[in-house]
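Data first, discussion second: the structure below is written as structure tokens.
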Amino acid sequence: MIKVILVEDEYVVREGIKRIDWASHGYEFCGEAPDGEMALPMIRKYEPDIVITDIKMPFMDGLVLTRQIRKEFPYTEIIILSGYEEFGYAREAISLGVSKYLTKPIGAQELLGELDELKAGIEKKQRDRESDLQYRRDMAEDVLKSRREFFSSLIGGTHSVAERLSEISHSYDSAGAAFAHRFFDVNNNVRCAEDGMSVLSDASGQDDVQIKSIVIRNADRQRLSDFLKTGDPSETEFFVKEFLRNLGGEASLQSLLFRQYLTMDVYFAAADFVTGLGLDREELEAPDSSAEITMTPSGVEEYCRNVVSRSLSLRDNVSHNKYKDVVDKVIKYIEENYSDEELTLNKLADVVMFSPNHLSMIFSQQTGSTLSRYLIDYRIGKAKEALKCTSKKSSEIALEIGYRDPHYFSYVFKKATGLTPTQYRDGADHDQQNA
């Protein structure tokens, strides 16, 4: 089915579109949101084929949302649905590559007719993407095969590593050759030019046996890189254990050859990440060449855990220190201007001279809440205070906290607390309902 997400500020319009029998027309309605910032996580989760969005919304408007969707999901079709017919809006929407620009009000059948015009093109794109994905899967399998063959040939070889690398560079594809050099290259120097495999083999000669237990396809730096970017420091020990277990567990770490490779690869992945933060890789402990020769399996696990833990600590320090003042300034501005009904993500971004998308991301990282959620919660807190401490009408309170439409204020208040403003003022057990 074609997946659809709706982003619409007006409650009545949103409810009307939600009631369409989407499934019977070949569509899956994945969800709706009143604002672009609240819609983005949903869009990233479901990756819809079509996004229907209003232009003027209270926080992240439809044009900002469209630009972000175009950046992250170029195949998604975007329909602008707006009551604003000014040519400027339409012109900018067209420049962003929206599929359709429709004006409100619009009936269900008319909207479905517009969507049906897009359906054939979407289905063709889906078929093309699946074909491209299968091609990429085939290519990836070829690369993995080259890597496994290279690894196996190297273990049983009698040539020096330098000679073997030269052979591989000519007989394997570029990905296999790059893997070969990454496997044995430390600080850009091939270590074993003279005595070949003896430097990388243990005294018992059992490396050839132990190495066969390693699951080569899982020796992928990407998993580690992803954890360094988004992982929780409290999960470091678990991640490292799982990472090593997926490579073949304790048996794989009996191989001195593999222990040497693993410590080097983990270090270089972490060093790449740390330098990307603008720090010096000297912040990390590099593997010592003399220690590598005698490092135990438990020593490898400890080294990996320490390097990953240190990298995450550096990451969080950079993020916290760099953006704390920015977030504090945004919060202060919200507290002083929450009554402004035009308070938007764009306006806050201008205050701190950030792009809207960047500000939205760092605010969420620093506070655990989206900007729109924080603003709503702050306004609802002020509304509760006014309801309990004054005799003002609900409509007056709505205007004071930035909602020009009292019905929409009541909707937002009930969604946040489980009660209408009147019920809250009359002393209903809102804490229990909210729980």
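Note on naming: chains are A, B, ... as they come in the structure tokens, residues start from 1 per chain, ligands start from 1 in the order shown.
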
Residues at most 9 Å from range 223-235 of chain A, counting only C-alpha atoms, excluding those fewer than 4 positions away in the same chain, as a list in words? Asn218, Ala219, Phe239, Val240, Phe243, Val266, Ala269, Ala270, Asp272, Phe273, Val308, Ser309, Ser311, Leu312, Ser313 and Arg315 of chain A

Could you save those same residues with N, CA and C atoms as a compact mmCIF listing (two decimals), in the first residue's frame?
```txt
# COMPACT_ATOMS: atom_id res chain seq x y z
N ASN A 218 30.85 -10.18 9.83
CA ASN A 218 30.51 -9.33 10.95
C ASN A 218 31.65 -8.41 11.39
N ALA A 219 32.82 -8.56 10.75
CA ALA A 219 33.95 -7.70 11.08
C ALA A 219 33.79 -6.37 10.34
N PHE A 239 27.49 -3.70 24.51
CA PHE A 239 27.78 -3.59 23.08
C PHE A 239 29.08 -4.29 22.71
N VAL A 240 30.15 -4.06 23.49
CA VAL A 240 31.45 -4.65 23.17
C VAL A 240 31.37 -6.17 23.24
N PHE A 243 29.48 -7.33 20.23
CA PHE A 243 30.30 -7.10 19.05
C PHE A 243 31.33 -8.22 18.88
N VAL A 266 39.47 -1.17 15.82
CA VAL A 266 38.67 -0.45 16.80
C VAL A 266 39.30 0.92 17.09
N ALA A 269 38.72 3.25 14.04
CA ALA A 269 37.32 3.68 13.96
C ALA A 269 37.05 4.77 14.99
N ALA A 270 37.54 4.57 16.20
CA ALA A 270 37.35 5.55 17.26
C ALA A 270 38.11 6.84 16.95
N ASP A 272 38.88 8.04 13.98
CA ASP A 272 38.13 8.75 12.93
C ASP A 272 36.98 9.54 13.54
N PHE A 273 36.27 8.89 14.46
CA PHE A 273 35.12 9.52 15.09
C PHE A 273 35.53 10.73 15.93
N VAL A 308 36.01 2.64 23.41
CA VAL A 308 34.63 3.03 23.11
C VAL A 308 34.10 3.96 24.20
N SER A 309 34.33 3.60 25.46
CA SER A 309 33.85 4.41 26.57
C SER A 309 34.44 5.81 26.53
N SER A 311 35.59 7.40 23.90
CA SER A 311 35.05 8.11 22.74
C SER A 311 33.67 8.69 23.03
N LEU A 312 32.82 7.89 23.70
CA LEU A 312 31.47 8.37 24.03
C LEU A 312 31.54 9.52 25.03
N SER A 313 32.47 9.43 25.96
CA SER A 313 32.63 10.50 26.94
C SER A 313 33.05 11.80 26.26
N ARG A 315 32.49 12.57 23.13
CA ARG A 315 31.33 13.00 22.34
C ARG A 315 30.34 13.79 23.18
```

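Across range 36-96 of chain A, DSSP run on the backbone finds strand (DSSP E) at Ile50, Val51, Ile52, Thr53, Glu77, Ile78, Ile79, Ile80, Leu81 and Ser82 of chain A.
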
I need the chosen residues saved as an mmCIF file, in the first residue's frame, with all heavy atoms.
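New file result16.cif:
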```cif
data_model
loop_
_atom_site.group_PDB
_atom_site.id
_atom_site.type_symbol
_atom_site.label_atom_id
_atom_site.label_comp_id
_atom_site.auth_asym_id
_atom_site.auth_seq_id
_atom_site.Cartn_x
_atom_site.Cartn_y
_atom_site.Cartn_z
ATOM 1 N N ILE A 50 3.812 9.504 0.520
ATOM 2 C CA ILE A 50 3.210 10.817 0.318
ATOM 3 C C ILE A 50 3.088 11.526 1.663
ATOM 4 O O ILE A 50 2.647 10.931 2.649
ATOM 5 C CB ILE A 50 1.804 10.704 -0.314
ATOM 6 C CG1 ILE A 50 1.876 10.027 -1.691
ATOM 7 C CG2 ILE A 50 1.147 12.084 -0.446
ATOM 8 C CD1 ILE A 50 0.514 9.770 -2.318
ATOM 9 N N VAL A 51 3.471 12.801 1.691
ATOM 10 C CA VAL A 51 3.222 13.662 2.855
ATOM 11 C C VAL A 51 2.315 14.797 2.391
ATOM 12 O O VAL A 51 2.630 15.512 1.431
ATOM 13 C CB VAL A 51 4.521 14.235 3.440
ATOM 14 C CG1 VAL A 51 4.201 15.284 4.512
ATOM 15 C CG2 VAL A 51 5.374 13.126 4.043
ATOM 16 N N ILE A 52 1.170 14.935 3.066
ATOM 17 C CA ILE A 52 0.261 16.042 2.816
ATOM 18 C C ILE A 52 0.484 17.059 3.927
ATOM 19 O O ILE A 52 0.305 16.741 5.103
ATOM 20 C CB ILE A 52 -1.208 15.577 2.830
ATOM 21 C CG1 ILE A 52 -1.420 14.419 1.841
ATOM 22 C CG2 ILE A 52 -2.146 16.726 2.515
ATOM 23 C CD1 ILE A 52 -2.772 13.740 1.975
ATOM 24 N N THR A 53 0.880 18.275 3.586
ATOM 25 C CA THR A 53 1.213 19.239 4.636
ATOM 26 C C THR A 53 0.645 20.627 4.356
ATOM 27 O O THR A 53 0.606 21.089 3.206
ATOM 28 C CB THR A 53 2.742 19.339 4.826
ATOM 29 O OG1 THR A 53 3.030 20.294 5.846
ATOM 30 C CG2 THR A 53 3.457 19.747 3.547
ATOM 31 N N GLU A 77 6.738 11.913 -2.198
ATOM 32 C CA GLU A 77 5.934 12.928 -2.881
ATOM 33 C C GLU A 77 5.312 13.847 -1.831
ATOM 34 O O GLU A 77 4.855 13.387 -0.778
ATOM 35 C CB GLU A 77 4.823 12.269 -3.707
ATOM 36 C CG GLU A 77 5.311 11.261 -4.731
ATOM 37 C CD GLU A 77 5.964 11.935 -5.942
ATOM 38 O OE1 GLU A 77 5.913 13.178 -6.013
ATOM 39 O OE2 GLU A 77 6.501 11.220 -6.795
ATOM 40 N N ILE A 78 5.300 15.149 -2.101
ATOM 41 C CA ILE A 78 4.779 16.114 -1.139
ATOM 42 C C ILE A 78 3.636 16.896 -1.766
ATOM 43 O O ILE A 78 3.765 17.434 -2.869
ATOM 44 C CB ILE A 78 5.892 17.084 -0.684
ATOM 45 C CG1 ILE A 78 7.030 16.292 -0.022
ATOM 46 C CG2 ILE A 78 5.332 18.119 0.292
ATOM 47 C CD1 ILE A 78 8.255 17.120 0.264
ATOM 48 N N ILE A 79 2.514 16.923 -1.043
ATOM 49 C CA ILE A 79 1.354 17.707 -1.471
ATOM 50 C C ILE A 79 1.170 18.848 -0.486
ATOM 51 O O ILE A 79 1.040 18.623 0.719
ATOM 52 C CB ILE A 79 0.083 16.843 -1.513
ATOM 53 C CG1 ILE A 79 0.208 15.757 -2.600
ATOM 54 C CG2 ILE A 79 -1.141 17.706 -1.765
ATOM 55 C CD1 ILE A 79 -0.994 14.835 -2.668
ATOM 56 N N ILE A 80 1.207 20.077 -0.976
ATOM 57 C CA ILE A 80 0.942 21.236 -0.136
ATOM 58 C C ILE A 80 -0.561 21.492 -0.132
ATOM 59 O O ILE A 80 -1.196 21.603 -1.178
ATOM 60 C CB ILE A 80 1.670 22.494 -0.664
ATOM 61 C CG1 ILE A 80 3.194 22.305 -0.563
ATOM 62 C CG2 ILE A 80 1.228 23.730 0.105
ATOM 63 C CD1 ILE A 80 3.744 22.292 0.834
ATOM 64 N N LEU A 81 -1.123 21.560 1.070
ATOM 65 C CA LEU A 81 -2.558 21.810 1.239
ATOM 66 C C LEU A 81 -2.693 23.069 2.085
ATOM 67 O O LEU A 81 -2.368 23.057 3.265
ATOM 68 C CB LEU A 81 -3.224 20.611 1.927
ATOM 69 C CG LEU A 81 -4.721 20.683 2.178
ATOM 70 C CD1 LEU A 81 -5.470 20.762 0.866
ATOM 71 C CD2 LEU A 81 -5.183 19.485 2.985
ATOM 72 N N SER A 82 -3.127 24.166 1.482
ATOM 73 C CA SER A 82 -3.092 25.430 2.213
ATOM 74 C C SER A 82 -4.243 26.340 1.826
ATOM 75 O O SER A 82 -4.767 26.282 0.723
ATOM 76 C CB SER A 82 -1.766 26.151 1.940
ATOM 77 O OG SER A 82 -1.710 27.377 2.636
#
```

Could you tell me how far CA of Ile334 in chain A sits from CA of Ser364 in chain A, in Å to one decimal place? 15.2 Å

Mind listing the helix (DSSP H, G or I) residues of range 231-363 of chain A, per DSSP on the backbone, as a count of residues only? 106

Which of these residues is nearest to Arg310 in chain A, using only C-alpha atoms: A:Thr66, A:Ser355, A:Thr236, A:Ser410? A:Thr236

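Of the listed residues A:Val7, A:Gly107, A:Tyr374, A:Asn357, the one whose atoms come nearest to Val330 in chain A is A:Tyr374, with distances taken using only C-alpha atoms.
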